[in-house]
Amino acid sequence: MDQAQKQEWYGQVASLCRSKAEEFALLGYENVAAEEIWECVTQGYKEVPAMHRLVNDILSLKPNKYMNYLMIQMYKNS
């Protein structure tokens with residue numbers, strides 16, 4: 001999945017990512033950005049998934065999976 005495709009798809013589901021970030025904020029996970037939700041969900045895709053799968057993956061993202069993603073990114077960047 002190249003960057004141009006990711007940006008195009010993000011434009012279509014950005015509101016879902018913002019909604020999920022707001023949901024996490026209500027659960028006590030502050031400073032969650034919609035872009036981070038997007039990167040967490042799309043990191044494992046090797047090719048463009050069907051839109052319904054992408055939407056399902058965003059809406060079903062659990063805080064535990066998101067926090068694991070953040071920890072892995074911290075280790076990669078350090």
# chains A, B, ... in the order shown; residues from 1 in each chain; ligands from 1
$ residues_around --residues "Gln73 in chain A" --least-positions-apart "4" --cutoff "12 Å" --atoms "only C-alpha atoms" --output "list in words"
Glu36, Glu39, Cys40, Gln43, Tyr66, Met67, Asn68, Tyr69, Asn77 and Ser78 of chain A
$ write_last_selection --atoms "N, CA and C atoms" --output "mmCIF file, in the first residue's frame"
data_model
loop_
_atom_site.group_PDB
_atom_site.id
_atom_site.type_symbol
_atom_site.label_atom_id
_atom_site.label_comp_id
_atom_site.auth_asym_id
_atom_site.auth_seq_id
_atom_site.Cartn_x
_atom_site.Cartn_y
_atom_site.Cartn_z
ATOM 1 N N GLU A 36 -2.770 8.802 14.239
ATOM 2 C CA GLU A 36 -2.175 7.644 14.912
ATOM 3 C C GLU A 36 -3.105 6.434 14.838
ATOM 4 N N GLU A 39 -2.619 5.074 11.336
ATOM 5 C CA GLU A 39 -1.359 4.345 11.182
ATOM 6 C C GLU A 39 -1.416 2.999 11.895
ATOM 7 N N CYS A 40 -2.031 2.969 13.061
ATOM 8 C CA CYS A 40 -2.162 1.713 13.802
ATOM 9 C C CYS A 40 -2.960 0.691 13.011
ATOM 10 N N GLN A 43 -1.035 -0.312 9.472
ATOM 11 C CA GLN A 43 0.344 -0.767 9.477
ATOM 12 C C GLN A 43 0.521 -2.188 8.947
ATOM 13 N N TYR A 66 -4.053 -0.550 20.393
ATOM 14 C CA TYR A 66 -3.478 0.758 20.108
ATOM 15 C C TYR A 66 -2.256 1.017 20.993
ATOM 16 N N MET A 67 -2.360 0.693 22.281
ATOM 17 C CA MET A 67 -1.241 0.904 23.191
ATOM 18 C C MET A 67 -0.057 0.008 22.823
ATOM 19 N N ASN A 68 -0.323 -1.219 22.395
ATOM 20 C CA ASN A 68 0.760 -2.093 21.926
ATOM 21 C C ASN A 68 1.446 -1.487 20.707
ATOM 22 N N TYR A 69 0.662 -0.926 19.801
ATOM 23 C CA TYR A 69 1.219 -0.264 18.622
ATOM 24 C C TYR A 69 2.137 0.884 19.038
ATOM 25 N N ASN A 77 11.676 3.732 17.371
ATOM 26 C CA ASN A 77 12.216 5.082 17.228
ATOM 27 C C ASN A 77 13.336 5.394 18.213
ATOM 28 N N SER A 78 13.549 4.529 19.187
ATOM 29 C CA SER A 78 14.614 4.822 20.158
ATOM 30 C C SER A 78 15.923 4.131 19.812
#
$ select_by_dssp --residues "chain A" --states "helix (DSSP H, G or I)" --output "PyMOL selection string"
chain A and resi 3-26+34-42+51-59+63-77
$ residues_around --residues "Ala14 in chain A" --least-positions-apart "3" --cutoff "10 Å" --atoms "only C-alpha atoms" --output "JSON, numbers by chain"
{"A": [7, 9, 10, 11, 17, 18, 19, 20, 34, 35, 37, 38]}
$ closest_residue --among "A:Lys46, A:Met51, A:Val41, A:Asp2" --to "Lys65 in chain A" --atoms "only C-alpha atoms"
A:Val41
$ closest_residue --among "A:Ala21, A:Thr42, A:Val32, A:Leu27" --to "Asn56 in chain A" --atoms "only C-alpha atoms"
A:Thr42
$ closest_residue --among "A:Gln12, A:Glu23, A:Gly28, A:Gln3" --to "Glu47 in chain A" --atoms "only C-alpha atoms"
A:Gln3
$ closest_residue --among "A:Tyr45, A:Asp57, A:Pro63, A:Glu8" --to "Leu26 in chain A" --atoms "only C-alpha atoms"
A:Pro63
$ decode --residues "range 28-78 of chain A" --atoms "N, CA and C atoms" --output "CSV table (one decimal), in the first residue's frame"
chain,number,residue,atom,x,y,z
A,28,GLY,N,-10.2,7.7,28.8
A,28,GLY,CA,-9.1,8.2,29.6
A,28,GLY,C,-7.7,8.2,28.9
A,29,TYR,N,-7.7,7.8,27.6
A,29,TYR,CA,-6.5,7.8,26.8
A,29,TYR,C,-6.4,9.2,26.1
A,30,GLU,N,-5.7,10.1,26.7
A,30,GLU,CA,-5.6,11.4,26.2
A,30,GLU,C,-4.5,11.5,25.1
A,31,ASN,N,-4.6,12.6,24.3
A,31,ASN,CA,-3.6,12.9,23.3
A,31,ASN,C,-3.5,11.8,22.2
A,32,VAL,N,-4.7,11.2,21.9
A,32,VAL,CA,-4.7,10.2,20.8
A,32,VAL,C,-5.2,11.0,19.5
A,33,ALA,N,-4.4,10.9,18.5
A,33,ALA,CA,-4.6,11.6,17.3
A,33,ALA,C,-5.3,10.7,16.2
A,34,ALA,N,-6.1,11.2,15.4
A,34,ALA,CA,-6.8,10.5,14.4
A,34,ALA,C,-5.7,9.8,13.4
A,35,GLU,N,-4.6,10.6,13.2
A,35,GLU,CA,-3.6,10.0,12.3
A,35,GLU,C,-2.9,8.8,12.9
A,36,GLU,N,-2.8,8.8,14.2
A,36,GLU,CA,-2.2,7.6,14.9
A,36,GLU,C,-3.1,6.4,14.8
A,37,ILE,N,-4.4,6.7,15.0
A,37,ILE,CA,-5.4,5.6,14.8
A,37,ILE,C,-5.2,5.0,13.4
A,38,TRP,N,-5.1,5.9,12.4
A,38,TRP,CA,-5.0,5.4,11.0
A,38,TRP,C,-3.7,4.6,10.8
A,39,GLU,N,-2.6,5.1,11.3
A,39,GLU,CA,-1.4,4.3,11.2
A,39,GLU,C,-1.4,3.0,11.9
A,40,CYS,N,-2.0,3.0,13.1
A,40,CYS,CA,-2.2,1.7,13.8
A,40,CYS,C,-3.0,0.7,13.0
A,41,VAL,N,-4.1,1.1,12.4
A,41,VAL,CA,-4.9,0.2,11.7
A,41,VAL,C,-4.3,-0.3,10.4
A,42,THR,N,-3.6,0.6,9.7
A,42,THR,CA,-3.1,0.3,8.4
A,42,THR,C,-1.7,-0.2,8.3
A,43,GLN,N,-1.0,-0.3,9.5
A,43,GLN,CA,0.3,-0.8,9.5
A,43,GLN,C,0.5,-2.2,8.9
A,44,GLY,N,-0.4,-3.0,9.1
A,44,GLY,CA,-0.3,-4.4,8.7
A,44,GLY,C,-0.8,-4.8,7.3
A,45,TYR,N,-1.3,-3.8,6.6
A,45,TYR,CA,-1.9,-4.1,5.3
A,45,TYR,C,-0.7,-4.1,4.3
A,46,LYS,N,-0.7,-5.1,3.5
A,46,LYS,CA,0.3,-5.2,2.4
A,46,LYS,C,-0.3,-4.7,1.1
A,47,GLU,N,-1.6,-4.8,1.0
A,47,GLU,CA,-2.3,-4.3,-0.2
A,47,GLU,C,-3.6,-3.6,0.3
A,48,VAL,N,-4.2,-2.9,-0.6
A,48,VAL,CA,-5.4,-2.1,-0.2
A,48,VAL,C,-6.6,-3.1,0.1
A,49,PRO,N,-7.1,-3.0,1.3
A,49,PRO,CA,-8.2,-3.8,1.7
A,49,PRO,C,-9.5,-3.3,1.2
A,50,ALA,N,-10.5,-4.1,1.3
A,50,ALA,CA,-11.9,-3.7,0.9
A,50,ALA,C,-12.3,-2.6,1.9
A,51,MET,N,-13.1,-1.7,1.5
A,51,MET,CA,-13.5,-0.6,2.3
A,51,MET,C,-14.2,-1.0,3.6
A,52,HIS,N,-15.1,-2.1,3.5
A,52,HIS,CA,-15.8,-2.6,4.6
A,52,HIS,C,-14.8,-3.1,5.7
A,53,ARG,N,-13.7,-3.7,5.2
A,53,ARG,CA,-12.7,-4.3,6.2
A,53,ARG,C,-12.0,-3.1,6.9
A,54,LEU,N,-11.7,-2.1,6.1
A,54,LEU,CA,-11.0,-0.9,6.7
A,54,LEU,C,-11.9,-0.3,7.7
A,55,VAL,N,-13.1,-0.1,7.4
A,55,VAL,CA,-14.0,0.6,8.4
A,55,VAL,C,-14.2,-0.3,9.6
A,56,ASN,N,-14.3,-1.6,9.4
A,56,ASN,CA,-14.5,-2.5,10.5
A,56,ASN,C,-13.2,-2.5,11.4
A,57,ASP,N,-12.1,-2.5,10.8
A,57,ASP,CA,-10.8,-2.4,11.6
A,57,ASP,C,-10.7,-1.2,12.4
A,58,ILE,N,-11.2,0.0,11.9
A,58,ILE,CA,-11.1,1.2,12.7
A,58,ILE,C,-12.1,1.2,13.8
A,59,LEU,N,-13.3,0.8,13.5
A,59,LEU,CA,-14.4,0.8,14.5
A,59,LEU,C,-14.2,-0.3,15.6
A,60,SER,N,-13.5,-1.4,15.3
A,60,SER,CA,-13.3,-2.4,16.3
A,60,SER,C,-11.9,-2.3,17.0
A,61,LEU,N,-11.2,-1.3,16.7
A,61,LEU,CA,-9.9,-1.1,17.4
A,61,LEU,C,-10.1,-1.0,18.9
A,62,LYS,N,-9.3,-1.7,19.6
A,62,LYS,CA,-9.4,-1.7,21.1
A,62,LYS,C,-8.2,-0.9,21.6
A,63,PRO,N,-8.4,-0.3,22.8
A,63,PRO,CA,-7.3,0.5,23.4
A,63,PRO,C,-6.0,-0.4,23.6
A,64,ASN,N,-6.2,-1.6,23.9
A,64,ASN,CA,-5.0,-2.5,24.1
A,64,ASN,C,-4.2,-2.6,22.9
A,65,LYS,N,-4.8,-2.8,21.8
A,65,LYS,CA,-4.1,-3.0,20.5
A,65,LYS,C,-3.4,-1.7,20.2
A,66,TYR,N,-4.1,-0.5,20.4
A,66,TYR,CA,-3.5,0.8,20.1
A,66,TYR,C,-2.3,1.0,21.0
A,67,MET,N,-2.4,0.7,22.3
A,67,MET,CA,-1.2,0.9,23.2
A,67,MET,C,-0.1,0.0,22.8
A,68,ASN,N,-0.3,-1.2,22.4
A,68,ASN,CA,0.8,-2.1,21.9
A,68,ASN,C,1.4,-1.5,20.7
A,69,TYR,N,0.7,-0.9,19.8
A,69,TYR,CA,1.2,-0.3,18.6
A,69,TYR,C,2.1,0.9,19.0
A,70,LEU,N,1.7,1.7,20.0
A,70,LEU,CA,2.5,2.8,20.4
A,70,LEU,C,3.8,2.4,21.1
A,71,MET,N,3.7,1.3,21.9
A,71,MET,CA,5.0,0.8,22.5
A,71,MET,C,6.0,0.3,21.4
A,72,ILE,N,5.5,-0.4,20.4
A,72,ILE,CA,6.4,-0.9,19.4
A,72,ILE,C,7.0,0.3,18.6
A,73,GLN,N,6.2,1.3,18.4
A,73,GLN,CA,6.7,2.5,17.7
A,73,GLN,C,7.8,3.2,18.5
A,74,MET,N,7.6,3.2,19.8
A,74,MET,CA,8.6,3.9,20.7
A,74,MET,C,9.9,3.1,20.7
A,75,TYR,N,9.8,1.8,20.7
A,75,TYR,CA,11.0,1.0,20.6
A,75,TYR,C,11.7,1.1,19.3
A,76,LYS,N,10.9,1.2,18.2
A,76,LYS,CA,11.5,1.4,16.9
A,76,LYS,C,12.2,2.7,16.8
A,77,ASN,N,11.7,3.7,17.4
A,77,ASN,CA,12.2,5.1,17.2
A,77,ASN,C,13.3,5.4,18.2
A,78,SER,N,13.5,4.5,19.2
A,78,SER,CA,14.6,4.8,20.2
A,78,SER,C,15.9,4.1,19.8
